[in-house]
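One file, upload-v2.cif, is given below (mmCIF, C-alpha atoms).
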data_model
#
loop_
_atom_site.label_atom_id
_atom_site.label_comp_id
_atom_site.auth_asym_id
_atom_site.auth_seq_id
_atom_site.Cartn_x
_atom_site.Cartn_y
_atom_site.Cartn_z
CA MET A 1 -6.95 13.80 16.41
CA THR A 2 -5.24 11.96 19.27
CA TYR A 3 -4.48 8.26 19.32
CA GLU A 4 -3.14 6.09 22.07
CA ILE A 5 -0.70 3.29 21.20
CA ILE A 6 0.04 0.57 23.74
CA VAL A 7 3.12 -1.53 22.98
CA GLN A 8 3.76 -4.68 24.94
CA LEU A 9 6.00 -7.74 24.78
CA LYS A 10 4.29 -10.77 23.26
CA ALA A 11 2.85 -13.12 25.87
CA GLU A 12 5.44 -15.80 25.11
CA VAL A 13 8.38 -13.42 25.54
CA LEU A 14 9.92 -13.10 28.99
CA ASP A 15 9.22 -9.67 30.54
CA PRO A 16 11.99 -9.25 33.14
CA GLU A 17 10.62 -5.93 34.41
CA GLY A 18 7.15 -7.38 34.93
CA ARG A 19 8.63 -10.37 36.70
CA ALA A 20 10.68 -8.18 39.03
CA ILE A 21 7.60 -6.18 40.00
CA GLN A 22 5.55 -9.35 40.51
CA GLU A 23 8.23 -10.96 42.67
CA THR A 24 8.58 -7.87 44.84
CA LEU A 25 4.82 -7.48 45.32
CA ALA A 26 4.49 -11.18 46.10
CA ARG A 27 7.17 -10.78 48.76
CA LEU A 28 5.18 -7.89 50.21
CA GLY A 29 2.22 -10.21 50.73
CA PHE A 30 0.22 -9.93 47.49
CA SER A 31 0.22 -13.67 47.06
CA ALA A 32 -2.77 -13.58 44.72
CA LEU A 33 -0.67 -11.70 42.18
CA LYS A 34 0.48 -14.25 39.62
CA ALA A 35 1.98 -12.12 36.88
CA VAL A 36 2.70 -8.52 35.94
CA SER A 37 3.37 -7.35 32.42
CA VAL A 38 4.68 -3.91 31.56
CA ALA A 39 3.61 -1.88 28.54
CA LYS A 40 4.66 1.40 26.97
CA ARG A 41 2.01 3.99 26.16
CA TYR A 42 2.40 6.57 23.41
CA THR A 43 -0.03 9.34 22.52
CA LEU A 44 0.08 10.65 18.98
CA ASP A 45 -1.44 14.01 18.08
CA LEU A 46 -2.16 13.82 14.37
CA ASP A 47 -3.00 16.67 12.04
CA GLU A 48 -4.91 14.39 9.72
CA PRO A 49 -8.59 14.02 8.67
CA ALA A 50 -10.52 11.48 10.75
CA ALA A 51 -10.86 9.06 7.85
CA ALA A 52 -7.10 8.68 7.48
CA ALA A 53 -5.95 9.23 11.06
CA GLU A 54 -6.42 5.72 12.36
CA GLY A 55 -4.59 4.26 9.41
CA LEU A 56 -1.70 6.64 9.96
CA ALA A 57 -1.55 5.86 13.70
CA THR A 58 -1.59 2.14 12.94
CA ARG A 59 1.18 2.52 10.37
CA ILE A 60 3.38 4.46 12.79
CA ALA A 61 2.75 1.85 15.48
CA SER A 62 3.39 -1.18 13.30
CA GLU A 63 6.41 0.15 11.44
CA TYR A 64 8.18 2.12 14.16
CA LEU A 65 6.80 2.00 17.70
CA ALA A 66 6.45 -1.78 17.96
CA ASN A 67 8.95 -4.43 16.92
CA PRO A 68 6.92 -7.25 15.36
CA VAL A 69 9.58 -9.78 16.35
CA SER A 70 8.90 -9.39 20.06
CA GLU A 71 6.01 -6.97 20.61
CA THR A 72 2.32 -6.45 19.97
CA PHE A 73 0.45 -3.15 19.85
CA GLN A 74 -3.04 -1.73 20.22
CA VAL A 75 -4.36 1.50 18.70
CA ARG A 76 -7.19 3.48 20.30
CA LYS A 77 -8.71 6.86 19.52
CA LEU A 78 -8.77 9.17 22.56
CA MET B 1 55.27 -5.66 29.38
CA ASN B 2 57.13 -5.92 26.11
CA SER B 3 56.19 -9.53 25.58
CA LEU B 4 52.54 -8.65 26.14
CA SER B 5 52.45 -5.98 23.48
CA VAL B 6 54.43 -8.12 21.04
CA ALA B 7 52.01 -11.00 21.48
CA SER B 8 49.04 -8.76 20.88
CA SER B 9 50.38 -7.00 17.82
CA THR B 10 51.08 -9.93 15.54
CA PRO B 11 47.78 -10.77 13.84
CA LYS B 12 47.86 -13.59 11.31
CA PHE B 13 45.91 -11.59 8.76
CA SER B 14 47.95 -9.49 6.37
CA PRO B 15 45.69 -7.59 3.98
CA SER B 16 46.83 -7.24 0.42
CA GLY B 17 46.13 -3.83 -1.03
CA LYS B 18 44.36 -0.93 0.60
CA LEU B 19 41.11 -1.80 2.33
CA ARG B 20 38.46 0.89 2.58
CA ILE B 21 36.45 0.53 5.75
CA GLY B 22 33.94 3.00 7.14
CA LEU B 23 32.56 3.25 10.67
CA VAL B 24 29.17 4.87 11.26
CA GLN B 25 29.10 7.18 14.26
CA PHE B 26 25.68 7.78 15.81
CA PRO B 27 25.00 10.16 18.66
CA GLY B 28 25.69 7.90 21.64
CA SER B 29 28.18 5.58 19.92
CA ASN B 30 30.96 5.05 22.45
CA CYS B 31 33.04 2.15 21.12
CA ASP B 32 33.97 3.89 17.88
CA GLN B 33 37.43 5.00 19.03
CA ASP B 34 38.26 1.48 20.21
CA CYS B 35 37.47 0.18 16.72
CA PHE B 36 39.52 2.90 15.00
CA ASP B 37 42.42 2.07 17.31
CA ALA B 38 42.19 -1.71 16.89
CA MET B 39 42.06 -1.51 13.11
CA ALA B 40 44.93 0.99 12.92
CA ARG B 41 47.19 -0.65 15.47
CA HIS B 42 46.79 -4.28 14.48
CA PHE B 43 45.86 -4.15 10.80
CA ALA B 44 47.33 -0.80 9.68
CA ILE B 45 43.91 0.25 8.37
CA LYS B 46 42.74 3.82 8.78
CA VAL B 47 38.99 3.47 9.17
CA ALA B 48 36.93 6.37 7.77
CA PRO B 49 34.32 7.91 10.06
CA VAL B 50 30.82 8.25 8.57
CA TRP B 51 28.27 10.48 10.31
CA HIS B 52 24.71 9.24 10.92
CA THR B 53 23.12 12.15 9.05
CA ASP B 54 25.09 11.43 5.88
CA THR B 55 22.89 10.09 3.11
CA ALA B 56 25.59 8.29 1.15
CA LEU B 57 28.60 6.14 1.96
CA PRO B 58 31.98 6.97 0.45
CA PRO B 59 33.44 4.17 -1.73
CA LEU B 60 33.94 1.37 0.81
CA ASP B 61 34.69 -2.33 1.02
CA ALA B 62 33.08 -2.79 4.44
CA VAL B 63 31.22 -1.01 7.22
CA ILE B 64 31.51 -1.20 11.02
CA LEU B 65 28.51 -0.36 13.22
CA PRO B 66 30.04 0.20 16.65
CA GLY B 67 28.75 -0.32 20.17
CA GLY B 68 27.25 2.31 22.39
CA PHE B 69 23.84 3.74 23.13
CA SER B 70 22.77 5.30 19.86
CA TYR B 71 20.07 7.95 20.32
CA GLY B 72 20.09 7.14 24.04
CA ASP B 73 18.54 3.71 23.35
CA TYR B 74 15.22 5.58 23.07
CA LEU B 75 12.23 3.63 21.71
CA ARG B 76 14.28 0.40 21.70
CA SER B 77 18.02 -0.20 21.50
CA GLY B 78 19.06 0.50 17.93
CA ALA B 79 15.54 1.37 16.76
CA LEU B 80 16.07 5.07 16.07
CA ALA B 81 19.52 4.50 14.60
CA ALA B 82 17.99 1.96 12.22
CA HIS B 83 15.96 4.79 10.72
CA SER B 84 18.76 7.37 10.59
CA PRO B 85 19.62 8.80 7.15
CA ILE B 86 22.83 6.80 6.70
CA MET B 87 21.11 3.45 7.22
CA ALA B 88 19.31 3.65 3.89
CA ALA B 89 22.76 3.76 2.29
CA VAL B 90 23.98 0.90 4.50
CA LYS B 91 20.96 -1.19 3.47
CA ALA B 92 21.70 -0.51 -0.20
CA PHE B 93 25.35 -1.44 0.43
CA VAL B 94 24.29 -4.75 1.99
CA GLY B 95 21.85 -5.30 -0.88
CA LYS B 96 24.81 -5.21 -3.26
CA GLY B 97 26.69 -7.80 -1.17
CA GLY B 98 28.59 -5.36 1.05
CA ALA B 99 30.23 -6.58 4.26
CA VAL B 100 29.09 -5.22 7.64
CA ILE B 101 30.01 -6.04 11.21
CA GLY B 102 27.69 -4.80 13.96
CA ILE B 103 29.06 -4.95 17.48
CA CYS B 104 26.70 -4.81 20.50
CA ASN B 105 24.56 -1.74 19.74
CA GLY B 106 25.62 -2.27 16.14
CA PHE B 107 24.04 -5.75 16.30
CA GLN B 108 20.88 -4.19 17.74
CA ILE B 109 20.86 -1.71 14.84
CA LEU B 110 21.26 -4.56 12.34
CA THR B 111 18.22 -6.43 13.72
CA GLU B 112 16.13 -3.25 13.95
CA SER B 113 17.09 -2.53 10.33
CA HIS B 114 16.02 -6.07 9.34
CA LEU B 115 19.50 -6.67 7.95
CA LEU B 116 19.66 -9.56 10.41
CA PRO B 117 16.66 -11.42 11.88
CA GLY B 118 15.57 -11.47 15.53
CA ALA B 119 15.68 -8.90 18.31
CA LEU B 120 17.85 -8.07 21.32
CA LEU B 121 15.78 -7.81 24.50
CA ARG B 122 16.37 -6.88 28.14
CA ASN B 123 18.68 -9.39 29.85
CA ALA B 124 16.69 -12.08 31.68
CA SER B 125 18.66 -11.29 34.84
CA ARG B 126 17.54 -7.63 34.58
CA ARG B 127 21.15 -6.61 35.24
CA PHE B 128 23.55 -4.73 33.01
CA ILE B 129 26.30 -7.30 32.53
CA CYS B 130 29.94 -6.32 32.06
CA GLU B 131 32.20 -9.36 32.12
CA PHE B 132 34.27 -11.75 30.04
CA VAL B 133 32.40 -14.65 28.47
CA HIS B 134 33.48 -17.71 26.51
CA LEU B 135 32.10 -18.33 23.05
CA ALA B 136 31.88 -21.35 20.77
CA ALA B 137 31.47 -20.98 17.03
CA GLY B 138 28.30 -22.35 15.46
CA ALA B 139 28.33 -24.67 12.48
CA GLY B 140 28.24 -22.90 9.14
CA GLU B 141 30.07 -21.93 6.01
CA SER B 142 30.82 -18.27 6.74
CA VAL B 143 34.37 -17.12 7.24
CA TYR B 144 33.39 -16.06 10.76
CA GLN B 145 32.37 -19.59 11.74
CA LYS B 146 35.37 -21.17 10.03
CA THR B 147 37.82 -18.74 11.64
CA LEU B 148 36.31 -18.78 15.11
CA ALA B 149 35.92 -22.58 15.18
CA ALA B 150 39.67 -22.82 15.80
CA LYS B 151 39.22 -22.28 19.55
CA VAL B 152 36.87 -21.17 22.29
CA SER B 153 37.00 -17.39 22.24
CA GLN B 154 37.07 -15.20 25.30
CA LEU B 155 35.55 -11.76 24.77
CA PRO B 156 33.97 -9.15 27.02
CA ILE B 157 30.28 -8.30 26.97
CA ALA B 158 28.78 -5.04 28.26
CA HIS B 159 25.05 -4.81 27.74
CA GLY B 160 21.68 -4.50 29.42
CA GLU B 161 19.73 -5.62 26.38
CA GLY B 162 21.54 -8.52 24.79
CA ARG B 163 19.04 -11.35 25.09
CA PHE B 164 18.74 -12.58 21.53
CA PHE B 165 15.16 -13.57 20.69
CA ILE B 166 13.54 -14.98 17.59
CA ASP B 167 10.39 -17.07 17.16
CA GLY B 168 10.57 -20.85 16.76
CA GLU B 169 10.34 -20.77 13.01
CA GLY B 170 13.02 -18.11 12.71
CA LEU B 171 15.31 -20.04 15.04
CA LYS B 172 14.92 -23.20 12.96
CA ARG B 173 15.81 -21.19 9.87
CA LEU B 174 18.96 -19.76 11.53
CA GLN B 175 20.02 -23.21 12.69
CA GLY B 176 19.13 -24.94 9.42
CA GLN B 177 20.95 -22.39 7.27
CA GLY B 178 24.03 -22.38 9.48
CA GLN B 179 23.63 -18.75 10.53
CA VAL B 180 24.33 -19.12 14.25
CA ALA B 181 27.87 -17.79 14.43
CA LEU B 182 28.58 -17.66 18.16
CA ARG B 183 27.04 -19.21 21.28
CA TYR B 184 27.82 -18.52 24.92
CA ALA B 185 29.76 -21.50 26.30
CA THR B 186 31.97 -22.68 29.12
CA HIS B 187 35.74 -22.26 28.87
CA THR B 188 35.90 -25.75 27.35
CA GLY B 189 33.32 -24.85 24.73
CA GLN B 190 30.34 -26.65 26.28
CA ILE B 191 26.97 -24.98 25.65
CA SER B 192 25.05 -24.76 28.91
CA PRO B 193 22.44 -22.53 30.56
CA GLN B 194 24.98 -21.64 33.26
CA ALA B 195 27.26 -20.15 30.61
CA ASN B 196 24.46 -18.06 29.09
CA PRO B 197 24.70 -14.60 30.69
CA ASN B 198 21.54 -12.98 29.38
CA GLY B 199 18.96 -15.67 28.62
CA ALA B 200 19.49 -15.57 24.85
CA ILE B 201 17.48 -18.17 22.96
CA ASP B 202 19.65 -21.14 21.94
CA HIS B 203 22.51 -19.34 23.80
CA ILE B 204 23.06 -17.18 20.73
CA ALA B 205 25.68 -14.41 20.99
CA GLY B 206 26.12 -13.68 17.30
CA ILE B 207 24.55 -14.47 13.94
CA VAL B 208 25.56 -14.07 10.34
CA SER B 209 23.47 -13.33 7.26
CA ALA B 210 22.69 -16.08 4.76
CA ASN B 211 25.43 -14.79 2.43
CA GLY B 212 27.96 -14.65 5.27
CA ARG B 213 28.65 -10.94 4.75
CA VAL B 214 26.67 -9.35 7.60
CA PHE B 215 27.73 -10.30 11.10
CA GLY B 216 26.20 -9.13 14.37
CA LEU B 217 27.47 -10.01 17.83
CA MET B 218 26.91 -8.80 21.38
CA PRO B 219 30.51 -9.34 22.61
CA HIS B 220 33.11 -6.63 22.01
CA PRO B 221 36.07 -7.85 19.91
CA GLU B 222 37.57 -4.34 19.88
CA ARG B 223 38.02 -4.53 23.65
CA ALA B 224 40.03 -7.76 23.33
CA THR B 225 42.80 -6.84 20.95
CA ASP B 226 45.62 -6.09 23.37
CA LEU B 227 46.67 -7.99 26.47
CA LEU B 228 47.19 -4.69 28.24
CA LEU B 229 43.42 -4.20 28.10
CA GLY B 230 42.74 -7.17 30.30
CA GLY B 231 43.58 -10.67 29.35
CA SER B 232 42.37 -11.68 25.90
CA VAL B 233 43.32 -10.91 22.32
CA ASP B 234 40.63 -13.15 20.85
CA GLY B 235 38.99 -10.10 19.30
CA LEU B 236 41.76 -10.10 16.70
CA ALA B 237 40.40 -13.31 15.16
CA VAL B 238 36.97 -11.69 14.83
CA PHE B 239 38.47 -8.76 12.93
CA GLU B 240 40.59 -11.15 10.83
CA ALA B 241 37.39 -12.93 9.85
CA PHE B 242 35.72 -9.57 9.16
CA LEU B 243 38.57 -8.57 6.83
CA SER B 244 38.53 -12.00 5.18
CA SER B 245 34.78 -11.71 4.58
CA PHE B 246 35.32 -9.25 1.74
CA THR B 247 38.87 -9.82 0.54
#
What do you get writing this file as structure tokens?
Amino acid sequence: MTYEIIVQLKAEVLDPEGRAIQETLARLGFSALKAVSVAKRYTLDLDEPAAAAEGLATRIASEYLANPVSETFQVRKL
Amino acid sequence: MNSLSVASSTPKFSPSGKLRIGLVQFPGSNCDQDCFDAMARHFAIKVAPVWHTDTALPPLDAVILPGGFSYGDYLRSGALAAHSPIMAAVKAFVGKGGAVIGICNGFQILTESHLLPGALLRNASRRFICEFVHLAAGAGESVYQKTLAAKVSQLPIAHGEGRFFIDGEGLKRLQGQGQVALRYATHTGQISPQANPNGAIDHIAGIVSANGRVFGLMPHPERATDLLLGGSVDGLAVFEAFLSSFT
């Protein structure tokens, strides 16, 4: 059972890496590009029955992979 | 040269009795030796090393979490260290009123452990910053704030992820409860965006727990304990406050 976790800074938190990429691309002529945000992607291979796997993936994401102070996360089954 | 070393080796604090202080070493800690040296040289305290895989602390009065790049800063700075075996013991120690100082990566470990609120994020400038900064003490009742209010401190910072962040409600709580211990400032102690090196919210460089016993700061007091190291001994006052926090 494989799950994908995407962890990203909350919208209201400054993302310096995203801003650097946006500024560079804007300088290269992509003037339509208004913002870039960067996320981290994890894949979790779980040896767990389907019924419990999503709960386990969500628990790992919420307790360890994402910091609730500054980040949000999404869980998706692959 | 003599006058320099004399000036830097006369701390005001003189501990009574034998203080038992432990320092947790994580893989990637790199300011541990500076702390051992500062405590031995200036306060005649032999700090006990504690390894990150230990599951219990020896009998201690206080704990130091040093700077560095624990576990390579993987996941997030301090995040993996926060879940290392020894941290369960550190949390229990804090739960019983134990005193802890977390310096730089140690501060990141304290927030990731939820022993202090907030988070330390990538510097707004995107640069790793290694320079001296000036710091003004925040208003509050802790021994850190009372000690450091005596003057504007000058301490070095060395971090890529030192931008303190907390949501609006959390910030109000820190301010209202007098937990903001240090803010980046000008050399005259004025708080201003120009004096804020990393974009920290409310210019925060260090905070203290509600009971005044757990202190986290991004600047490095251990690198400012001897004039021979480059111009400031203001780190001594931070360690004096640390020692006073449990004696």
Dump as JSON lines the rows for residues of chain A within 12 Å of chain B: closest atom pair and distance in Å with one decimal, all atoms listed in the file counted, ordered by chain and rising residue number.
{"residue": "A:Val7", "atom": "CA", "partner": "B:Leu75", "partner_atom": "CA", "distance": 10.5}
{"residue": "A:Leu9", "atom": "CA", "partner": "B:Leu121", "partner_atom": "CA", "distance": 9.8}
{"residue": "A:Lys10", "atom": "CA", "partner": "B:Asp167", "partner_atom": "CA", "distance": 10.7}
{"residue": "A:Glu12", "atom": "CA", "partner": "B:Asp167", "partner_atom": "CA", "distance": 9.5}
{"residue": "A:Val13", "atom": "CA", "partner": "B:Phe165", "partner_atom": "CA", "distance": 8.3}
{"residue": "A:Leu14", "atom": "CA", "partner": "B:Ala124", "partner_atom": "CA", "distance": 7.4}
{"residue": "A:Asp15", "atom": "CA", "partner": "B:Ala124", "partner_atom": "CA", "distance": 7.9}
{"residue": "A:Pro16", "atom": "CA", "partner": "B:Ala124", "partner_atom": "CA", "distance": 5.7}
{"residue": "A:Glu17", "atom": "CA", "partner": "B:Arg126", "partner_atom": "CA", "distance": 7.1}
{"residue": "A:Gly18", "atom": "CA", "partner": "B:Arg126", "partner_atom": "CA", "distance": 10.4}
{"residue": "A:Arg19", "atom": "CA", "partner": "B:Arg126", "partner_atom": "CA", "distance": 9.6}
{"residue": "A:Ala20", "atom": "CA", "partner": "B:Arg126", "partner_atom": "CA", "distance": 8.2}
{"residue": "A:Ile21", "atom": "CA", "partner": "B:Arg126", "partner_atom": "CA", "distance": 11.4}
{"residue": "A:Lys40", "atom": "CA", "partner": "B:Leu75", "partner_atom": "CA", "distance": 9.5}
{"residue": "A:Arg41", "atom": "CA", "partner": "B:Leu75", "partner_atom": "CA", "distance": 11.2}
{"residue": "A:Tyr42", "atom": "CA", "partner": "B:Leu75", "partner_atom": "CA", "distance": 10.4}
{"residue": "A:Ala61", "atom": "CA", "partner": "B:Leu75", "partner_atom": "CA", "distance": 11.5}
{"residue": "A:Glu63", "atom": "CA", "partner": "B:Glu112", "partner_atom": "CA", "distance": 10.6}
{"residue": "A:Tyr64", "atom": "CA", "partner": "B:Ala79", "partner_atom": "CA", "distance": 7.8}
{"residue": "A:Leu65", "atom": "CA", "partner": "B:Leu75", "partner_atom": "CA", "distance": 6.9}
{"residue": "A:Ala66", "atom": "CA", "partner": "B:Leu75", "partner_atom": "CA", "distance": 8.8}
{"residue": "A:Asn67", "atom": "CA", "partner": "B:Glu112", "partner_atom": "CA", "distance": 7.9}
{"residue": "A:Pro68", "atom": "CA", "partner": "B:Ala119", "partner_atom": "CA", "distance": 9.4}
{"residue": "A:Val69", "atom": "CA", "partner": "B:Gly118", "partner_atom": "CA", "distance": 6.3}
{"residue": "A:Ser70", "atom": "CA", "partner": "B:Ala119", "partner_atom": "CA", "distance": 7.0}
{"residue": "A:Glu71", "atom": "CA", "partner": "B:Ala119", "partner_atom": "CA", "distance": 10.1}
Worksheet item: On this structure, which residues satisfy the PyMOL selection byres ((chain B and resi 159) around 12), written as a PyMOL selection string?
Response: chain B and resi 67-69+73+77+103-108+120-132+156-158+160-164+197-198+205+217-220
Practice prompt. Point out the residue among B:Leu116, B:Leu236, B:Leu243, B:Leu171 with the least atom-to-atom distance to Ile207 in chain B, counting all atoms listed in the file.
Written response: B:Leu116
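Near Arg59 in chain A, within 12 Å and counting all atoms listed in the file, sit A:Ile5, A:Leu44, A:Ala52, A:Ala53, A:Glu54, A:Gly55, A:Leu56, A:Ser62, A:Glu63, A:Tyr64, A:Leu65, A:Ala66, A:Phe73, A:Gln74, A:Val75, not including residues fewer than 3 positions from it in the same chain.
CA of Leu155 in chain B is found 25.7 Å from CA of Arg20 in chain B.
Going from CA of Gly189 in chain B to CA of His203 in chain B covers 12.2 Å.
Take CA of Leu65 in chain B and CA of Cys35 in chain B: the distance between them is 9.6 Å.
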Put a box with edges along x, y and z around all the listed atoms of range 9-25 of chain A, pad it by 4 Å on each side, then give me its centre and sizes in Å, one decimal, as lines of an AutoDock Vina configuration file.
center_x = 7.4
center_y = -10.9
center_z = 34.3
size_x = 17.1
size_y = 17.9
size_z = 30.1
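Once the PyMOL selection byres ((chain B and resi 24) around 9) is applied to the shown structure, the selection contains Gly22, Leu23, Gln25, Phe26, Ser29, Asp32, Ala48, Pro49, Val50, Trp51, His52, Val63, Ile64, Leu65, Pro66 and Ile86 of chain B.
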Can you tell me which residues surround Val100 in chain B at a distance of at most 9 Å, considering only C-alpha atoms, apart from same-chain residues fewer than 3 positions away, and format the answer as a PDB file with C-alpha atoms, in the coordinates of the input?
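Heads up, here's the output in part-v2.pdb:
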ATOM      1  CA  ALA B  62      33.080  -2.790   4.440  1.00  0.00           C
ATOM      2  CA  VAL B  63      31.220  -1.010   7.220  1.00  0.00           C
ATOM      3  CA  ILE B  64      31.510  -1.200  11.020  1.00  0.00           C
ATOM      4  CA  LEU B  65      28.510  -0.360  13.220  1.00  0.00           C
ATOM      5  CA  VAL B  90      23.980   0.900   4.500  1.00  0.00           C
ATOM      6  CA  PHE B  93      25.350  -1.440   0.430  1.00  0.00           C
ATOM      7  CA  VAL B  94      24.290  -4.750   1.990  1.00  0.00           C
ATOM      8  CA  ARG B 213      28.650 -10.940   4.750  1.00  0.00           C
ATOM      9  CA  VAL B 214      26.670  -9.350   7.600  1.00  0.00           C
ATOM     10  CA  PHE B 215      27.730 -10.300  11.100  1.00  0.00           C
ATOM     11  CA  GLY B 216      26.200  -9.130  14.370  1.00  0.00           C
ATOM     12  CA  PHE B 242      35.720  -9.570   9.160  1.00  0.00           C
TER      13      PHE B 242
END
